[in-house]
$ cat final.txt   # compact mmCIF, C-alpha atoms
# COMPACT_ATOMS: atom_id res chain seq x y z
CA MET A 1 -35.18 17.73 -20.37
CA LEU A 2 -34.02 21.29 -21.00
CA LEU A 3 -30.34 21.93 -20.39
CA LYS A 4 -31.11 24.92 -18.15
CA LYS A 5 -32.88 22.51 -15.73
CA LEU A 6 -29.76 20.35 -15.51
CA ILE A 7 -27.02 22.96 -15.24
CA LYS A 8 -27.02 25.91 -12.92
CA ASN A 9 -25.82 29.06 -14.73
CA CYS A 10 -26.20 27.36 -18.11
CA PRO A 11 -25.04 29.58 -21.00
CA ILE A 12 -28.13 31.35 -22.38
CA LYS A 13 -27.39 30.19 -25.94
CA LEU A 14 -27.66 26.55 -24.76
CA SER A 15 -30.40 26.88 -22.13
CA ASN A 16 -33.31 25.65 -24.28
CA ILE A 17 -31.53 22.65 -25.78
CA ASN A 18 -33.46 19.44 -25.13
CA VAL A 19 -31.16 16.82 -23.61
CA LYS A 20 -32.27 13.30 -24.54
CA GLY A 21 -29.55 11.38 -22.71
CA LEU A 22 -26.18 11.56 -20.98
CA SER A 23 -22.93 10.04 -22.19
CA SER A 24 -19.24 9.93 -21.36
CA ASP A 25 -18.43 7.31 -24.00
CA THR A 26 -18.60 8.21 -27.69
CA ARG A 27 -19.07 4.55 -28.62
CA ASN A 28 -22.55 4.73 -27.03
CA ILE A 29 -23.52 8.32 -27.74
CA LYS A 30 -26.85 9.06 -29.39
CA LYS A 31 -28.17 12.18 -31.10
CA GLY A 32 -29.26 14.67 -28.44
CA ASP A 33 -26.97 13.34 -25.67
CA LEU A 34 -25.04 15.67 -23.41
CA PHE A 35 -21.38 14.56 -23.58
CA PHE A 36 -19.05 14.68 -20.57
CA ALA A 37 -15.36 14.85 -21.52
CA LEU A 38 -13.95 12.91 -18.56
CA LYS A 39 -10.27 12.36 -17.96
CA GLY A 40 -9.78 8.71 -17.09
CA SER A 41 -6.79 6.63 -16.08
CA LYS A 42 -6.41 5.25 -19.63
CA GLU A 43 -8.33 7.61 -21.91
CA ASN A 44 -9.04 11.33 -21.96
CA GLY A 45 -12.58 12.20 -23.04
CA GLU A 46 -11.34 15.57 -24.29
CA GLU A 47 -9.72 13.71 -27.21
CA PHE A 48 -13.15 12.47 -28.33
CA ILE A 49 -15.07 15.77 -28.30
CA SER A 50 -15.12 16.17 -32.09
CA GLN A 51 -16.33 12.56 -32.44
CA ALA A 52 -19.12 13.22 -29.90
CA LEU A 53 -20.23 16.28 -31.86
CA LYS A 54 -20.19 14.34 -35.16
CA LYS A 55 -22.41 11.68 -33.56
CA GLY A 56 -24.95 14.32 -32.51
CA ALA A 57 -24.04 15.45 -29.00
CA CYS A 58 -26.23 18.45 -28.18
CA ALA A 59 -23.54 20.02 -25.97
CA ILE A 60 -20.20 19.23 -24.34
CA VAL A 61 -19.25 19.51 -20.66
CA SER A 62 -15.49 19.95 -20.51
CA SER A 63 -12.75 21.59 -18.48
CA LYS A 64 -10.93 22.39 -21.74
CA GLU A 65 -11.72 24.98 -24.39
CA ILE A 66 -12.98 23.45 -27.62
CA GLU A 67 -13.20 24.61 -31.22
CA GLU A 68 -17.01 24.44 -31.27
CA LYS A 69 -17.49 27.06 -28.52
CA SER A 70 -21.22 27.37 -29.23
CA LYS A 71 -21.73 23.87 -27.75
CA LEU A 72 -19.34 24.17 -24.78
CA ILE A 73 -20.22 24.21 -21.11
CA LYS A 74 -16.86 24.86 -19.49
CA VAL A 75 -16.48 23.69 -15.88
CA ASN A 76 -13.56 23.15 -13.52
CA ASN A 77 -14.52 19.64 -12.42
CA VAL A 78 -16.38 17.57 -15.01
CA ARG A 79 -16.86 14.58 -12.65
CA GLU A 80 -18.50 16.72 -9.97
CA HIS A 81 -20.93 18.18 -12.51
CA LEU A 82 -21.64 14.73 -13.92
CA GLY A 83 -22.95 13.48 -10.56
CA LYS A 84 -25.15 16.56 -10.08
CA ILE A 85 -26.57 16.36 -13.59
CA CYS A 86 -27.19 12.60 -13.33
CA SER A 87 -29.19 13.14 -10.16
CA LYS A 88 -31.38 15.73 -11.94
CA PHE A 89 -31.78 13.73 -15.14
CA TYR A 90 -32.54 10.38 -13.47
CA THR A 91 -34.93 11.61 -10.79
CA LYS A 92 -36.54 8.35 -9.69
CA LYS A 93 -34.36 6.47 -7.21
CA PRO A 94 -34.91 3.84 -4.53
CA LYS A 95 -35.68 5.30 -1.10
CA ASN A 96 -32.88 3.44 0.73
CA ILE A 97 -29.50 3.35 -0.97
CA ILE A 98 -26.70 1.87 1.11
CA ALA A 99 -23.02 1.97 0.09
CA VAL A 100 -20.47 -0.60 1.28
CA THR A 101 -16.80 0.31 1.01
CA GLY A 102 -13.50 -0.94 2.40
CA THR A 103 -10.41 -2.90 1.45
CA ASN A 104 -11.87 -6.38 1.91
CA GLY A 105 -15.36 -7.80 2.36
CA LYS A 106 -17.49 -5.43 0.26
CA THR A 107 -19.01 -8.22 -1.81
CA SER A 108 -19.73 -10.41 1.23
CA VAL A 109 -21.30 -7.61 3.25
CA ALA A 110 -23.40 -6.40 0.30
CA ASP A 111 -24.60 -9.92 -0.47
CA LEU A 112 -25.42 -10.68 3.18
CA PHE A 113 -27.40 -7.44 3.41
CA TYR A 114 -29.19 -8.37 0.16
CA GLN A 115 -30.05 -11.83 1.54
CA ILE A 116 -31.33 -10.47 4.87
CA LEU A 117 -33.68 -8.00 3.16
CA SER A 118 -34.75 -10.57 0.58
CA LEU A 119 -35.54 -13.19 3.25
CA ASN A 120 -37.65 -10.57 5.02
CA ASN A 121 -39.67 -9.97 1.84
CA ARG A 122 -38.27 -6.48 1.21
CA PRO A 123 -37.89 -5.46 -2.44
CA VAL A 124 -34.09 -5.30 -2.69
CA ALA A 125 -31.29 -5.13 -5.23
CA SER A 126 -27.52 -5.07 -5.07
CA ILE A 127 -24.97 -3.58 -7.44
CA GLY A 128 -21.40 -4.83 -7.30
CA THR A 129 -18.90 -7.55 -8.10
CA LEU A 130 -21.63 -10.19 -8.40
CA GLY A 131 -23.50 -8.00 -10.91
CA ILE A 132 -26.89 -6.37 -10.53
CA LYS A 133 -29.08 -8.66 -8.44
CA PHE A 134 -32.84 -8.20 -8.03
CA LYS A 135 -35.96 -10.35 -7.94
CA GLY A 136 -34.01 -13.58 -8.51
CA LYS A 137 -32.15 -12.19 -11.53
CA ILE A 138 -28.47 -11.43 -11.98
CA ILE A 139 -27.22 -9.11 -14.72
CA LYS A 140 -23.46 -9.42 -15.20
CA SER A 141 -21.36 -6.31 -14.74
CA GLU A 142 -17.73 -5.69 -15.67
CA LEU A 143 -17.09 -3.24 -12.83
CA THR A 144 -17.62 -3.49 -9.10
CA SER A 145 -19.01 0.06 -9.22
CA PRO A 146 -20.46 1.16 -12.58
CA ASP A 147 -19.77 4.65 -13.93
CA ALA A 148 -21.93 7.51 -12.63
CA ILE A 149 -24.34 7.59 -15.59
CA SER A 150 -24.90 3.82 -15.49
CA THR A 151 -25.37 3.86 -11.72
CA HIS A 152 -28.07 6.54 -11.84
CA LYS A 153 -29.75 4.85 -14.83
CA ILE A 154 -29.72 1.44 -13.05
CA LEU A 155 -31.17 2.97 -9.88
CA GLN A 156 -33.99 4.62 -11.83
CA ASP A 157 -34.78 1.30 -13.53
CA LEU A 158 -34.80 -0.51 -10.16
CA LYS A 159 -37.17 2.10 -8.71
CA LYS A 160 -39.51 1.64 -11.69
CA ARG A 161 -39.50 -2.09 -10.88
CA GLY A 162 -40.72 -1.33 -7.35
CA ILE A 163 -37.39 -1.77 -5.56
CA ASP A 164 -36.77 0.70 -2.75
CA ASN A 165 -33.71 -0.89 -1.10
CA VAL A 166 -30.35 -1.07 -2.89
CA ILE A 167 -26.92 -2.03 -1.63
CA ILE A 168 -24.04 -0.68 -3.72
CA GLU A 169 -20.43 -1.81 -3.50
CA ALA A 170 -18.39 1.39 -3.56
CA SER A 171 -14.81 0.63 -4.59
CA SER A 172 -12.08 3.11 -3.70
CA HIS A 173 -11.70 3.77 -7.43
CA ALA A 174 -15.42 4.61 -7.66
CA LEU A 175 -15.18 6.95 -4.68
CA ASP A 176 -12.13 8.68 -6.17
CA GLN A 177 -13.95 9.09 -9.50
CA LYS A 178 -17.10 10.41 -7.78
CA ARG A 179 -19.25 7.62 -9.30
CA ILE A 180 -21.71 7.56 -6.38
CA ASN A 181 -21.81 11.29 -5.65
CA HIS A 182 -25.28 12.86 -5.39
CA LEU A 183 -27.08 9.57 -4.69
CA ASN A 184 -28.57 10.60 -1.35
CA LEU A 185 -27.19 7.58 0.49
CA LYS A 186 -29.06 6.50 3.62
CA ALA A 187 -26.12 4.58 5.11
CA GLY A 188 -22.55 3.63 4.45
$ encode --input "final.txt" --output "structure tokens"
Amino acid sequence: MLLKKLIKNCPIKLSNINVKGLSSDTRNIKKGDLFFALKGSKENGEEFISQALKKGACAIVSSKEIEEKSKLIKVNNVREHLGKICSKFYTKKPKNIIAVTGTNGKTSVADLFYQILSLNNRPVASIGTLGIKFKGKIIKSELTSPDAISTHKILQDLKKRGIDNVIIEASSHALDQKRINHLNLKAG
């Protein structure tokens, strides 16, 4: 997908770059990926910009100036742009996405909702502490709420599998890090 279709007011010199994927982790970056230099609680993605470029990042979204200015898309809030871009890059999503948040009970509520829809023969999936559940399968997950790129990618995969109902556990950490922004939630 062309960069100008993903980013409003994209620099002209970068507008016709073909983006093959999205990444915020240089360990997983592939040639042609758009790299998001996110500041995390433990790591700062800005420290890995040169590594991302060496691995073939087509451009960098950062709030910091970088040496390789010809590949920079400078923004104030990288996380906010990440959600917007994910929603444009991964366009196919289930029709009904429901987020469950709170201090206690997210996993129970999400699983009960999953069971109710499943028992009523509705194509359903859940994403959370128990992993990614769908069609009798469970894929283990390390996080209650996956990062924004993974979440959008998972939702597109679920849609391609014919699932139109998804319950997502939305941890307070995920909400703070804007991991479920731009998902067009039907309920919370």
$ closest_residue --input "final.txt" --among "A:Tyr90, A:Ala37, A:Ile60, A:Lys84" --to "A:Leu158" --atoms "only C-alpha atoms"
A:Tyr90
$ residues_around --input "final.txt" --residues "A:Ile139" --least-positions-apart "4" --cutoff "12 Å" --atoms "only C-alpha atoms" --output "ChimeraX atom specification"
/A:125-135,143,154
$ atom_distance --input "final.txt" --atom1 "atom CA of A:Glu47" --atom2 "atom CA of A:Arg79"
16.2 Å
$ atom_distance --input "final.txt" --atom1 "atom CA of A:Glu68" --atom2 "atom CA of A:Gln177"
26.8 Å
$ closest_residue --input "final.txt" --among "A:Gly105, A:Gly83, A:Ile167, A:Lys92" --to "A:Ser118" --atoms "all atoms listed in the file"
A:Ile167
$ residues_around --input "final.txt" --residues "A:Lys31" --least-positions-apart "5" --cutoff "7 Å" --atoms "all atoms listed in the file" --output "ChimeraX atom specification"
/A:55-57
$ atom_distance --input "final.txt" --atom1 "atom CA of A:Asn120" --atom2 "atom CA of A:Gly188"
20.7 Å
$ residues_near_point --input "final.txt" --point "(-32.5, 15.2, -13.6)" --cutoff "10 Å" --atoms "only C-alpha atoms" --output "mmCIF file with C-alpha atoms, in the frame of the given file"
data_model
loop_
_atom_site.group_PDB
_atom_site.id
_atom_site.type_symbol
_atom_site.label_atom_id
_atom_site.label_comp_id
_atom_site.auth_asym_id
_atom_site.auth_seq_id
_atom_site.Cartn_x
_atom_site.Cartn_y
_atom_site.Cartn_z
ATOM 1 C CA MET A 1 -35.180 17.730 -20.370
ATOM 2 C CA LEU A 2 -34.020 21.290 -21.000
ATOM 3 C CA LEU A 3 -30.340 21.930 -20.390
ATOM 4 C CA LYS A 5 -32.880 22.510 -15.730
ATOM 5 C CA LEU A 6 -29.760 20.350 -15.510
ATOM 6 C CA ILE A 7 -27.020 22.960 -15.240
ATOM 7 C CA LYS A 84 -25.150 16.560 -10.080
ATOM 8 C CA ILE A 85 -26.570 16.360 -13.590
ATOM 9 C CA CYS A 86 -27.190 12.600 -13.330
ATOM 10 C CA SER A 87 -29.190 13.140 -10.160
ATOM 11 C CA LYS A 88 -31.380 15.730 -11.940
ATOM 12 C CA PHE A 89 -31.780 13.730 -15.140
ATOM 13 C CA TYR A 90 -32.540 10.380 -13.470
ATOM 14 C CA THR A 91 -34.930 11.610 -10.790
ATOM 15 C CA LYS A 92 -36.540 8.350 -9.690
ATOM 16 C CA HIS A 152 -28.070 6.540 -11.840
#
$ closest_residue --input "final.txt" --among "A:Lys8, A:Lys93, A:Lys137, A:Lys153" --to "A:Gly21" --atoms "all atoms listed in the file"
A:Lys153
$ closest_residue --input "final.txt" --among "A:Ala170, A:Val124, A:Cys58, A:Ile29" --to "A:Leu185" --atoms "all atoms listed in the file"
A:Ala170
